[in-house]
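With compact mmCIF, C-alpha atoms and all ligand atoms inside, this is structure09.txt:
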```txt
# COMPACT_ATOMS: atom_id res chain seq x y z
CA MET A 324 200.34 52.45 -21.37
CA ALA A 325 199.23 50.36 -24.31
CA LYS A 326 201.67 50.18 -27.17
CA GLU A 327 200.88 52.34 -30.16
CA GLU A 328 199.33 50.40 -33.04
CA LEU A 329 201.36 50.60 -36.21
CA VAL A 330 200.46 49.42 -39.68
CA ILE A 331 202.81 48.52 -42.49
CA SER A 332 201.67 49.01 -46.05
CA LEU A 333 203.53 47.50 -48.99
CA ASP A 334 203.05 48.23 -52.65
CA ILE A 335 204.31 45.31 -54.72
CA GLY A 336 205.38 47.20 -57.85
CA SER A 337 206.71 46.42 -61.32
CA ASN A 338 210.13 45.44 -60.14
CA SER A 339 210.37 46.93 -56.71
CA VAL A 340 208.60 47.07 -53.39
CA HIS A 341 207.58 50.37 -51.85
CA GLY A 342 206.64 50.34 -48.18
CA VAL A 343 205.52 52.71 -45.44
CA ILE A 344 204.95 52.35 -41.73
CA ALA A 345 202.22 54.50 -40.26
CA LYS A 346 199.87 55.12 -37.41
CA TYR A 347 196.50 56.73 -37.15
CA ASN A 348 196.71 60.14 -35.54
CA GLU A 349 193.38 60.49 -33.77
CA ASP A 350 193.88 64.12 -32.79
CA ASN A 351 193.58 65.32 -36.34
CA ASN A 352 192.04 62.30 -38.01
CA LYS A 353 194.98 61.81 -40.32
CA ILE A 354 197.37 59.07 -41.20
CA GLU A 355 200.86 59.74 -39.94
CA VAL A 356 203.54 58.11 -42.05
CA LEU A 357 206.54 57.46 -39.82
CA ALA A 358 208.94 56.11 -42.45
CA GLY A 359 209.08 54.88 -46.03
CA ASP A 360 211.46 52.74 -48.01
CA THR A 361 211.70 51.35 -51.49
CA LEU A 362 213.87 48.52 -52.79
CA PHE A 363 214.43 47.00 -56.20
CA SER A 364 213.90 43.24 -56.29
CA ASP A 365 214.88 40.58 -58.78
CA GLY A 366 212.19 38.45 -57.21
CA ILE A 367 209.30 40.72 -58.18
CA LYS A 368 208.02 41.29 -61.69
CA ASP A 369 204.85 43.14 -62.66
CA GLY A 370 203.30 42.81 -59.23
CA ALA A 371 204.01 39.08 -58.96
CA VAL A 372 206.60 37.06 -57.09
CA ILE A 373 208.84 35.35 -59.63
CA ALA A 374 211.61 34.21 -57.29
CA ILE A 375 210.51 33.55 -53.75
CA GLN A 376 213.94 33.69 -52.09
CA GLU A 377 214.77 37.04 -53.68
CA ALA A 378 211.35 38.49 -52.92
CA TYR A 379 211.50 37.23 -49.33
CA LYS A 380 214.92 38.81 -48.92
CA THR A 381 213.86 42.20 -50.32
CA ILE A 382 210.65 42.33 -48.35
CA GLY A 383 212.47 41.23 -45.20
CA GLN A 384 214.93 44.08 -45.70
CA ILE A 385 212.17 46.63 -46.23
CA LEU A 386 210.27 45.44 -43.16
CA ALA A 387 213.43 45.63 -41.04
CA LYS A 388 214.16 49.16 -42.27
CA LEU A 389 210.60 50.30 -41.64
CA GLU A 390 210.44 48.80 -38.18
CA LYS A 391 213.81 50.19 -37.12
CA ASN A 392 213.59 52.79 -34.37
CA GLN A 393 209.80 52.60 -34.20
CA GLU A 394 208.14 52.34 -30.87
CA GLY A 395 204.88 50.51 -31.07
CA GLU A 396 203.43 47.28 -32.22
CA ILE A 397 202.81 46.27 -35.81
CA THR A 398 199.23 45.16 -35.72
CA LYS A 399 198.75 44.43 -39.39
CA LYS A 400 200.22 44.43 -42.84
CA VAL A 401 198.31 45.89 -45.74
CA ILE A 402 199.32 45.02 -49.27
CA GLY A 403 198.51 46.91 -52.46
CA ILE A 404 198.47 44.40 -55.25
CA ARG A 405 198.29 44.74 -59.02
CA GLY A 406 199.79 43.03 -62.02
CA LEU A 407 198.86 40.99 -65.00
CA LEU A 408 197.90 37.99 -62.88
CA ILE A 409 194.92 39.94 -61.62
CA GLU A 410 191.61 40.00 -63.41
CA VAL A 411 188.79 42.44 -62.83
CA SER A 412 185.25 41.73 -63.99
CA SER A 413 181.85 43.31 -63.56
CA GLU A 414 179.16 41.37 -61.66
CA SER A 415 175.72 42.16 -60.23
CA ALA A 416 173.48 40.63 -57.61
CA GLY A 417 170.40 41.57 -55.63
CA VAL A 418 168.83 40.79 -52.26
CA ARG A 419 165.38 41.17 -50.78
CA ILE A 420 165.51 43.24 -47.61
CA SER A 421 163.70 41.54 -44.73
CA GLU A 422 159.94 42.09 -44.51
CA ASN A 423 159.87 43.05 -40.84
CA ASP A 424 162.81 45.37 -40.98
CA THR A 425 163.19 47.27 -44.24
CA GLU A 426 166.30 49.20 -43.31
CA VAL A 427 169.51 48.43 -45.19
CA ARG A 428 172.13 47.44 -42.67
CA ASP A 429 175.69 46.15 -42.71
CA ASP A 430 174.45 42.58 -42.88
CA THR A 431 172.33 43.40 -45.94
CA ILE A 432 175.52 44.55 -47.64
CA GLN A 433 177.34 41.46 -46.45
CA GLU A 434 174.58 39.30 -47.93
CA LEU A 435 174.93 41.15 -51.23
CA VAL A 436 178.66 40.68 -51.23
CA ASP A 437 178.21 36.95 -50.55
CA LYS A 438 175.82 36.80 -53.50
CA ILE A 439 178.31 38.57 -55.76
CA GLU A 440 180.90 36.02 -54.68
CA ASP A 441 178.48 33.26 -55.66
CA VAL A 442 177.72 34.85 -59.01
CA LYS A 443 181.39 35.25 -59.82
CA ARG A 444 182.46 31.74 -60.51
CA ILE A 445 186.14 31.35 -59.85
CA SER A 446 188.25 28.29 -60.35
CA ASP A 447 189.98 26.64 -57.41
CA LYS A 448 193.18 28.25 -58.68
CA GLN A 449 191.81 31.72 -58.02
CA GLU A 450 190.73 33.84 -55.08
CA ILE A 451 188.65 37.00 -54.76
CA ILE A 452 190.71 39.84 -53.39
CA GLN A 453 188.23 42.67 -53.33
CA ILE A 454 184.74 43.63 -54.35
CA ILE A 455 184.53 47.24 -55.44
CA PRO A 456 180.98 48.62 -55.53
CA LYS A 457 180.15 50.46 -58.76
CA GLU A 458 176.55 51.24 -58.02
CA TYR A 459 173.75 50.35 -55.61
CA VAL A 460 170.18 50.28 -56.80
CA LEU A 461 167.50 50.39 -54.12
CA ASP A 462 164.03 49.68 -55.49
CA GLU A 463 165.15 50.69 -58.97
CA GLN A 464 166.69 53.94 -57.79
CA CYS A 465 170.46 54.51 -57.87
CA VAL A 466 171.80 55.36 -54.44
CA GLN A 467 175.29 56.26 -53.33
CA ASP A 468 175.25 54.69 -49.92
CA PRO A 469 172.26 52.53 -49.08
CA ILE A 470 173.06 51.91 -45.41
CA GLY A 471 170.33 53.30 -43.18
CA MET A 472 167.87 53.67 -46.07
CA GLU A 473 164.51 51.89 -46.24
CA GLY A 474 163.58 49.71 -49.18
CA GLU A 475 162.51 46.32 -50.42
CA TYR A 476 165.10 45.19 -52.89
CA LEU A 477 168.77 46.14 -53.09
CA GLU A 478 171.03 45.46 -56.02
CA LEU A 479 174.76 45.87 -56.32
CA ASP A 480 176.77 46.26 -59.47
CA ALA A 481 180.42 45.68 -58.59
CA LEU A 482 183.89 45.09 -59.90
CA VAL A 483 185.32 41.83 -58.66
CA VAL A 484 189.08 41.63 -58.35
CA VAL A 485 190.37 38.10 -58.72
CA ALA A 486 193.94 36.91 -58.34
CA THR A 487 195.69 33.62 -58.89
CA LYS A 488 196.02 31.75 -55.61
CA THR A 489 199.61 30.73 -56.17
CA ASN A 490 200.73 34.31 -56.65
CA MET A 491 198.88 35.44 -53.54
CA THR A 492 200.36 32.52 -51.58
CA ASN A 493 203.82 33.54 -52.73
CA ILE A 494 203.17 37.15 -51.70
CA ARG A 495 201.98 35.98 -48.28
CA LYS A 496 205.06 33.78 -47.97
CA ALA A 497 207.37 36.59 -49.03
CA ILE A 498 205.95 38.94 -46.40
CA ASP A 499 205.82 36.16 -43.82
CA ASP A 500 202.20 36.83 -42.96
CA GLU A 501 199.35 34.46 -43.70
CA SER A 502 196.56 36.97 -43.62
CA PRO A 503 197.61 40.40 -44.77
CA LEU A 504 194.86 42.75 -45.90
CA LEU A 505 194.85 42.86 -49.66
CA TYR A 506 193.66 45.74 -51.80
CA TYR A 507 193.76 46.42 -55.50
CA GLY A 508 196.22 49.31 -55.49
CA TYR A 509 194.85 51.30 -58.44
CA ASN A 510 191.39 51.41 -56.94
CA SER A 511 192.73 52.67 -53.61
CA VAL A 512 194.63 55.45 -55.37
CA GLY A 513 191.51 56.50 -57.29
CA ASP A 514 189.39 56.33 -54.18
CA VAL A 515 191.44 58.85 -52.28
CA LEU A 516 193.22 60.96 -54.86
CA VAL A 517 190.55 61.63 -57.45
CA SER A 518 188.11 64.33 -56.36
CA LYS A 519 184.38 63.76 -56.25
CA GLU A 520 183.98 66.55 -58.77
CA ASP A 521 186.30 64.94 -61.32
CA LYS A 522 184.55 61.62 -60.82
CA GLU A 523 181.22 63.32 -61.50
CA LEU A 524 182.60 65.02 -64.62
CA GLY A 525 184.09 61.75 -65.79
CA CYS A 526 187.83 61.16 -65.86
CA VAL A 527 190.59 58.60 -66.26
CA LEU A 528 193.20 58.10 -63.56
CA ILE A 529 196.44 56.84 -65.09
CA ASP A 530 199.10 55.42 -62.79
CA LEU A 531 202.40 55.54 -64.64
CA GLY A 532 204.63 52.90 -63.09
CA GLY A 533 207.87 51.28 -64.16
CA MET A 534 206.57 48.38 -66.22
CA THR A 535 202.87 48.68 -65.56
CA THR A 536 200.32 51.39 -66.27
CA GLY A 537 197.10 51.29 -64.28
CA LEU A 538 193.88 52.88 -65.48
CA VAL A 539 190.76 53.69 -63.49
CA VAL A 540 187.79 55.13 -65.37
CA TYR A 541 185.07 57.16 -63.64
CA ILE A 542 181.84 58.13 -65.35
CA ASP A 543 178.96 60.01 -63.67
CA GLY A 544 180.70 59.77 -60.31
CA LYS A 545 181.05 56.02 -60.45
CA ILE A 546 183.94 53.71 -61.10
CA LYS A 547 183.44 51.93 -64.45
CA HIS A 548 186.68 50.11 -65.14
CA VAL A 549 190.02 49.33 -63.55
CA PHE A 550 192.65 47.69 -65.68
CA GLU A 551 196.33 47.55 -66.35
CA LEU A 552 198.56 47.76 -69.40
CA PRO A 553 201.92 45.99 -69.58
CA MET A 554 204.14 49.02 -70.21
CA GLY A 555 205.62 51.92 -68.29
CA ALA A 556 208.33 54.50 -67.78
CA ASP A 557 211.11 51.88 -67.65
CA LEU A 558 210.72 51.54 -71.42
CA ILE A 559 211.95 55.11 -71.74
CA THR A 560 215.00 54.11 -69.69
CA ARG A 561 215.48 51.12 -71.99
CA ASP A 562 215.45 53.38 -75.07
CA ILE A 563 218.08 55.63 -73.47
CA ILE A 564 220.26 52.58 -72.71
CA LYS A 565 220.04 51.46 -76.34
CA LYS A 566 220.69 54.86 -77.87
CA LEU A 567 223.41 56.16 -75.54
CA ARG A 568 224.91 52.78 -74.63
CA VAL A 569 224.94 53.53 -70.94
CA SER A 570 224.21 51.35 -67.93
CA GLN A 571 220.65 50.99 -66.68
CA LYS A 572 221.48 53.01 -63.60
CA GLU A 573 222.95 55.86 -65.62
CA ALA A 574 220.08 55.84 -68.13
CA LYS A 575 217.53 56.07 -65.32
CA SER A 576 219.42 58.90 -63.72
CA ILE A 577 219.78 60.76 -67.06
CA LYS A 578 216.05 60.40 -67.68
CA GLU A 579 215.05 61.63 -64.24
CA LYS A 580 217.59 64.47 -64.14
CA TYR A 581 217.61 65.83 -67.70
CA GLY A 582 214.65 64.20 -69.39
CA SER A 583 211.72 66.06 -70.88
CA VAL A 584 208.93 64.90 -73.15
CA LEU A 585 208.49 68.19 -74.97
CA GLU A 586 211.19 70.33 -76.55
CA GLU A 587 209.23 73.54 -76.02
CA LEU A 588 209.51 73.12 -72.26
CA ILE A 589 213.28 73.40 -72.41
CA GLU A 590 213.81 77.15 -72.42
CA GLN A 591 217.59 77.02 -72.54
CA ASP A 592 219.16 73.89 -73.88
CA SER A 593 222.06 72.51 -71.85
CA GLU A 594 224.65 69.78 -72.20
CA PHE A 595 225.29 66.89 -69.88
CA GLU A 596 228.01 64.25 -69.84
CA TYR A 597 227.62 60.51 -69.71
CA THR A 598 229.87 57.45 -69.88
CA VAL A 599 229.58 55.25 -72.98
CA ALA A 600 229.98 51.53 -72.34
CA GLY A 601 231.64 52.31 -69.03
CA THR A 602 234.68 53.92 -70.65
CA ARG A 603 234.39 57.06 -72.84
CA GLN A 604 232.82 60.36 -71.81
CA GLN A 605 230.30 61.79 -74.25
CA LYS A 606 228.18 64.90 -74.37
CA TYR A 607 224.51 65.15 -75.18
CA THR A 608 221.91 67.91 -74.90
CA ARG A 609 218.53 67.90 -73.22
CA LYS A 610 216.85 68.67 -76.54
CA GLN A 611 218.55 65.68 -78.18
CA LEU A 612 217.28 63.57 -75.30
CA VAL A 613 213.71 64.59 -76.14
CA ASP A 614 214.15 62.74 -79.46
CA ILE A 615 214.67 59.50 -77.53
CA ILE A 616 211.96 60.07 -74.94
CA LYS A 617 209.09 61.51 -76.96
CA PRO A 618 208.53 58.59 -79.40
CA GLN A 619 208.19 56.15 -76.50
CA VAL A 620 205.76 58.44 -74.64
CA ASP A 621 203.74 58.93 -77.85
CA LEU A 622 203.56 55.16 -78.31
CA GLN A 623 202.33 54.68 -74.76
CA ILE A 624 199.71 57.43 -75.06
CA ASP A 625 198.49 55.80 -78.27
CA TYR A 626 198.28 52.44 -76.55
CA ILE A 627 196.29 53.98 -73.69
CA LEU A 628 193.91 55.70 -76.09
CA ASN A 629 193.34 52.52 -78.07
CA SER A 630 192.68 50.45 -74.98
CA LEU A 631 190.13 53.02 -73.80
CA LYS A 632 188.47 52.95 -77.22
CA LYS A 633 188.25 49.16 -77.03
CA LYS A 634 186.21 49.59 -73.87
CA ASN A 635 184.02 52.16 -75.64
CA ILE A 636 185.33 55.05 -73.60
CA ASP A 637 185.43 58.33 -75.46
CA ILE A 638 187.95 60.56 -73.77
CA ASP A 639 186.41 63.65 -75.41
CA VAL A 640 183.27 63.38 -73.31
CA LEU A 641 185.09 63.00 -70.01
CA ALA A 642 185.22 66.62 -68.83
CA GLY A 643 187.37 65.74 -65.82
CA GLY A 644 190.10 64.73 -68.27
CA ILE A 645 193.21 62.78 -67.42
CA ILE A 646 194.64 62.48 -63.92
CA LEU A 647 198.18 61.23 -63.69
CA THR A 648 199.89 59.59 -60.77
CA GLY A 649 202.83 57.19 -60.23
CA ALA A 650 206.50 58.09 -60.36
CA GLY A 651 206.45 57.98 -64.18
CA ALA A 652 204.33 61.14 -64.05
CA LEU A 653 207.28 63.05 -62.59
CA LEU A 654 209.05 63.19 -65.95
CA GLU A 655 209.05 66.80 -67.15
CA GLY A 656 206.36 67.43 -69.74
CA MET A 657 204.42 64.21 -69.14
CA ALA A 658 201.15 65.97 -68.29
CA GLU A 659 201.61 68.43 -71.16
CA ALA A 660 202.24 65.55 -73.58
CA PHE A 661 198.97 63.87 -72.57
CA GLU A 662 197.14 67.17 -72.81
CA LYS A 663 198.49 67.84 -76.27
CA ALA A 664 197.97 64.34 -77.65
CA LEU A 665 194.51 63.79 -76.23
CA ASN A 666 193.34 67.39 -76.24
CA CYS A 667 191.97 67.23 -72.72
CA VAL A 668 192.72 68.65 -69.31
CA THR A 669 195.53 66.74 -67.61
CA LYS A 670 196.81 67.09 -64.09
CA ILE A 671 199.10 65.24 -61.74
CA VAL A 672 197.75 64.26 -58.35
CA ASN A 673 199.46 63.17 -55.20
CA PHE A 674 199.02 63.40 -51.47
CA THR A 675 199.83 66.71 -49.86
CA GLU A 676 200.86 67.69 -46.39
CA ASP A 677 197.26 68.68 -45.76
CA ASP A 678 196.16 65.10 -46.33
CA ILE A 679 198.65 63.19 -44.25
CA ILE A 680 201.34 63.82 -41.72
CA ALA A 681 204.61 62.83 -43.35
CA ASP A 682 207.99 64.00 -44.45
CA LYS A 683 207.62 66.36 -47.42
CA LYS A 684 210.17 64.49 -49.57
CA LEU A 685 208.49 61.17 -48.98
CA VAL A 686 205.15 62.54 -50.09
CA SER A 687 206.36 64.34 -53.20
CA SER A 688 208.38 61.41 -54.59
CA GLN A 689 205.21 59.59 -55.78
CA LEU A 690 207.01 56.37 -54.85
CA TYR A 691 204.73 55.78 -51.87
CA THR A 692 201.45 56.99 -53.33
CA THR A 693 199.98 53.50 -53.77
CA ALA A 694 201.22 52.26 -50.38
CA ILE A 695 199.69 55.29 -48.65
CA ALA A 696 196.44 55.05 -50.62
CA THR A 697 196.16 51.37 -49.70
CA LEU A 698 196.63 52.32 -46.07
CA CYS A 699 193.82 54.84 -46.43
CA SER A 700 191.54 52.09 -47.78
CA GLU A 701 192.30 49.99 -44.75
CA TYR A 702 191.90 52.77 -42.18
CA LYS A 703 188.64 53.78 -43.81
CA ASN A 704 187.36 50.23 -43.45
CA GLN A 705 188.74 49.76 -39.99
CA ILE A 706 186.99 52.85 -38.73
CA LEU A 707 183.75 52.38 -40.55
CA ILE A 708 183.10 48.77 -41.04
CA HIS A 709 182.28 47.55 -37.58
CA ASN A 710 185.86 47.52 -36.39
CA ASN A 711 185.77 43.77 -36.71
CA ASP A 712 188.57 41.29 -36.97
CA ASN A 713 187.21 39.68 -40.03
CA SER A 714 189.84 40.87 -42.44
CA LYS A 715 188.17 39.25 -45.40
CA SER A 716 184.88 41.01 -45.12
CA SER A 717 186.41 44.32 -44.18
CA SER A 718 188.67 44.35 -47.20
CA ILE A 719 186.13 42.88 -49.55
CA LEU A 720 183.58 45.51 -48.65
CA SER A 721 185.96 48.35 -49.23
CA GLY A 722 185.00 51.54 -50.90
CA PHE A 723 181.44 52.18 -49.95
CA LYS A 724 182.01 54.65 -47.19
CA LYS A 725 184.57 57.29 -46.53
CA LEU A 726 185.68 58.98 -43.39
CA LEU A 727 189.27 60.03 -43.38
CA ASN A 728 190.02 63.65 -44.10
CA ILE A 729 191.92 62.74 -47.23
CA VAL A 730 188.96 61.82 -49.30
CA ARG A 731 188.69 64.59 -51.85
N1 LIG B 801 211.83 62.20 -60.71
C1 LIG B 801 211.50 61.37 -61.71
N2 LIG B 801 211.41 61.81 -62.99
C2 LIG B 801 211.10 60.97 -63.99
N3 LIG B 801 210.82 59.66 -63.84
C3 LIG B 801 210.88 59.16 -62.59
C4 LIG B 801 211.22 59.98 -61.45
N4 LIG B 801 211.21 59.20 -60.35
C5 LIG B 801 210.90 57.95 -60.77
N5 LIG B 801 210.70 57.92 -62.11
C6 LIG B 801 210.37 56.76 -62.95
O1 LIG B 801 209.16 56.17 -62.52
C7 LIG B 801 209.18 54.77 -62.79
C8 LIG B 801 208.79 53.99 -61.56
O2 LIG B 801 207.52 54.38 -61.12
P1 LIG B 801 206.87 53.71 -59.83
O3 LIG B 801 205.53 54.32 -59.63
O4 LIG B 801 207.84 53.78 -58.71
O5 LIG B 801 206.78 52.22 -60.35
P2 LIG B 801 205.91 51.01 -59.89
O6 LIG B 801 204.70 51.61 -59.24
O7 LIG B 801 205.60 50.27 -61.13
O8 LIG B 801 206.76 50.25 -58.94
C9 LIG B 801 210.61 54.43 -63.21
O9 LIG B 801 210.64 54.26 -64.63
C10 LIG B 801 211.39 55.65 -62.79
O10 LIG B 801 212.53 55.89 -63.60
MG MG B 802 203.83 53.44 -58.68
```

Once you've parsed the file, please lay out its structure as structure tokens.
Ligand SMILES: Nc1ncnc2c1ncn2[C@@H]1O[C@H](COP(=O)(O)OP(=O)(O)O)[C@@H](O)[C@H]1O
Ligand SMILES: [Mg+2]
Amino acid sequence: MAKEELVISLDIGSNSVHGVIAKYNEDNNKIEVLAGDTLFSDGIKDGAVIAIQEAYKTIGQILAKLEKNQEGEITKKVIGIRGLLIEVSSESAGVRISENDTEVRDDTIQELVDKIEDVKRISDKQEIIQIIPKEYVLDEQCVQDPIGMEGEYLELDALVVVATKTNMTNIRKAIDDESPLLYYGYNSVGDVLVSKEDKELGCVLIDLGGMTTGLVVYIDGKIKHVFELPMGADLITRDIIKKLRVSQKEAKSIKEKYGSVLEELIEQDSEFEYTVAGTRQQKYTRKQLVDIIKPQVDLQIDYILNSLKKKNIDIDVLAGGIILTGAGALLEGMAEAFEKALNCVTKIVNFTEDDIIADKKLVSSQLYTTAIATLCSEYKNQILIHNNDNSKSSSILSGFKKLLNIVR
């Protein structure tokens, strides 16, 4: 019997790497996550490799843990990338569909993608990671999916994700694979976790990470922007360290265990103990902790609002509101704080057991959301885009068709 094909998906995070190993369960058309692991790394910062030996070590450890006890063959590695070394810009291009055969086919799309690559002038220090279609226009009419349609002229308006070559080379080196499939993590998350309805209504997906916050804006059902802000939930931890004079580990644990953004959510205040400067025991209450957490969250919400304004996005007209994801969203009161500050509907999204086959704990932690979403992007392409071996075109073309059950 042929060995089962397994795929590893890694999410290179703010200062850690989250990874899952999975297979495609054909019986129910779902991804089955077999194991997940997450490790902090001194070699990774804001999605980039800053110390190759450290990063190589961490990633090696994660891969070994994921592969342990698995029967099957790892056929590919999929990487969700992000970080400040990545730039996203908007580009458009058009192609004339052949005179004899006016049907839009895969190769018409490929031609368009090649044109977009030509239009987007990159330096020899950069590489294109992904082309995310925003909108197709077939003979001046907007269409969702042009394949199979008849027409004369097809245009594509797309977001082009560009990364610095050196960083990508370091990532490839660290995972010991020269041609992993690369996806822009935030886009993958939006693709699978934001419902069609919310996209139509207009909404902003906000991925609250440790030191990065990713934003994906949808208007009229289409993706408009994807960008990242250099801040995150680790800054709350930092404020707790400063105020309580505890270790980073203790501050993180205090935040996750007792933290809340809003006082009104704490029905009955309670005390907890912590160790000051590694020696004395001190007591603090959950309500007192709100006074450390809330100012930082307010600052970050303000920053988000201002950066949306700079892009001329008026949150008041986006009826789908705010959609939160990322482990930072697990802090009690985070959604309520956004709702209150921005006066719009806010919800937290994540995969559910209906979407994928996986351990319940692994799914609910939010730690693997990006890694799983990136996997979905790849499976979607693998199934739909000609099943070819050309990893570049299959990843570059991502996002114009959907098949897996997960797509909301
Ligand atoms: N249960 C929780 N409650 C509150 N915050 C949490 C929880 N779990 C993780 N976090 C916080 O989420 C942040 C990490 O988010 P994550 O999405 O894993 O980061 P990244 O994607 O940037 O690697 C950290 O600041 C961590 O303390
Ligand atoms: Mg995350």

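You can rank A:Leu362, A:Leu538, A:Val343, A:Ile695 by their closest distance to A:Lys380 using all atoms listed in the file, and at the top of that list sits A:Leu362.
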
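Residue nearest A:His548, chosen from A:Asp424, A:Asp677, A:Glu410, A:Glu390 and counting all atoms listed in the file: A:Glu410.
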
Taking all atoms listed in the file into account, report as a PyMOL selection string which residues have an atom no farther than 8 Å from an atom of ligand LIG 801 (chain B).
chain A and resi 334-341+369+530-536+555-560+575-576+578-580+582+648-655+688-693

Which residues, written as a PDB file with C-alpha atoms, keeping the file's coordinate frame, have at least one atom at most 9 Å from A:Asp543, with all atoms listed in the file counted and residues fewer than 4 positions away on the same chain left out?
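Result file follows (selection07.pdb):
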```pdb
ATOM      1  CA  LYS A 522     184.550  61.620 -60.820  1.00  0.00           C
ATOM      2  CA  GLU A 523     181.220  63.320 -61.500  1.00  0.00           C
ATOM      3  CA  LEU A 524     182.600  65.020 -64.620  1.00  0.00           C
ATOM      4  CA  GLY A 525     184.090  61.750 -65.790  1.00  0.00           C
TER       5      GLY A 525
END
```

Surrounding residues of A:Ser413 excluding itself and chain neighbours under 4 positions, 7 Å, only C-alpha atoms, as a VMD selection string:
chain A and resid 481 to 483

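Residue nearest A:Ala497 within the list A:Gly383, A:Gly643, A:Gly395, A:Pro618: A:Gly383 [criterion: smallest interatomic distance, only C-alpha atoms].
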
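The smallest atom-to-atom distance between ligand MG 802 (chain B) and any of A:Leu504, A:Ala486, A:Val512, A:Ala664, using all atoms listed in the file, is found for A:Val512.
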
When distances are computed from all atoms listed in the file, which of A:Ser583, A:Asn673, A:Thr697, A:Ser415 shows the smallest separation from A:Val613?
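Of A:Ser583, A:Asn673, A:Thr697, A:Ser415, the one nearest A:Val613, counting all atoms listed in the file, is A:Ser583.
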
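The space between atom CA of A:Asp430 and atom CA of A:Glu414 spans 19.4 Å.
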
From atom CA of A:Ser593 to atom CA of A:Lys566 the spacing works out at 18.7 Å

Restricting the calculation to all atoms listed in the file, which member of A:Lys399, A:Arg419, A:Arg603, A:Lys368 is positioned closest to A:Ile494?
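Closest to A:Ile494 of all the choices is A:Lys368.
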
Please measure the separation of atom CA of A:Asp500 and atom CA of A:Asp429, giving the value in Å to one decimal.
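Separation between atom CA of A:Asp500 and atom CA of A:Asp429: 28.1 Å.
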
Using only C-alpha atoms, which protein or nucleic acid residues come within 10 Å of A:Leu567? Drop anything in the same chain fewer than 3 positions from it, and give the result as a JSON list (two decimals) with C-alpha atoms, in the frame of the given file.
```
[["chain", "number", "residue", "atom", "x", "y", "z"],
["A", 562, "ASP", "CA", 215.45, 53.38, -75.07],
["A", 563, "ILE", "CA", 218.08, 55.63, -73.47],
["A", 564, "ILE", "CA", 220.26, 52.58, -72.71],
["A", 570, "SER", "CA", 224.21, 51.35, -67.93],
["A", 573, "GLU", "CA", 222.95, 55.86, -65.62],
["A", 574, "ALA", "CA", 220.08, 55.84, -68.13],
["A", 597, "TYR", "CA", 227.62, 60.51, -69.71],
["A", 598, "THR", "CA", 229.87, 57.45, -69.88],
["A", 599, "VAL", "CA", 229.58, 55.25, -72.98],
["A", 600, "ALA", "CA", 229.98, 51.53, -72.34],
["A", 605, "GLN", "CA", 230.30, 61.79, -74.25],
["A", 607, "TYR", "CA", 224.51, 65.15, -75.18],
["A", 612, "LEU", "CA", 217.28, 63.57, -75.30],
["A", 615, "ILE", "CA", 214.67, 59.50, -77.53]]
```

Near A:Glu426, within 6 Å and counting only C-alpha atoms, which residues show up once chain neighbours fewer than 2 positions away are dropped, as a PyMOL selection string?
chain A and resi 424+471-473

Which residues are close to A:Glu396, i.e. within 9 Å by only C-alpha atoms, leaving aside same-chain residues fewer than 2 positions away? Reply as a list of chain:residue names.
A:Lys326, A:Glu327, A:Glu328, A:Leu329, A:Val330, A:Gln393, A:Glu394, A:Thr398

Please work out which residues fall within 10 Å of (192.8, 27.7, -56.9), coordinates as given in the file, with all atoms listed in the file counting, and return them as a tab-separated table (two decimals) with C-alpha atoms, in the frame of the given file.
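That gives us part_30.tsv:
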```
chain	number	residue	atom	x	y	z
A	445	ILE	CA	186.14	31.35	-59.85
A	446	SER	CA	188.25	28.29	-60.35
A	447	ASP	CA	189.98	26.64	-57.41
A	448	LYS	CA	193.18	28.25	-58.68
A	449	GLN	CA	191.81	31.72	-58.02
A	450	GLU	CA	190.73	33.84	-55.08
A	486	ALA	CA	193.94	36.91	-58.34
A	487	THR	CA	195.69	33.62	-58.89
A	488	LYS	CA	196.02	31.75	-55.61
A	489	THR	CA	199.61	30.73	-56.17
```
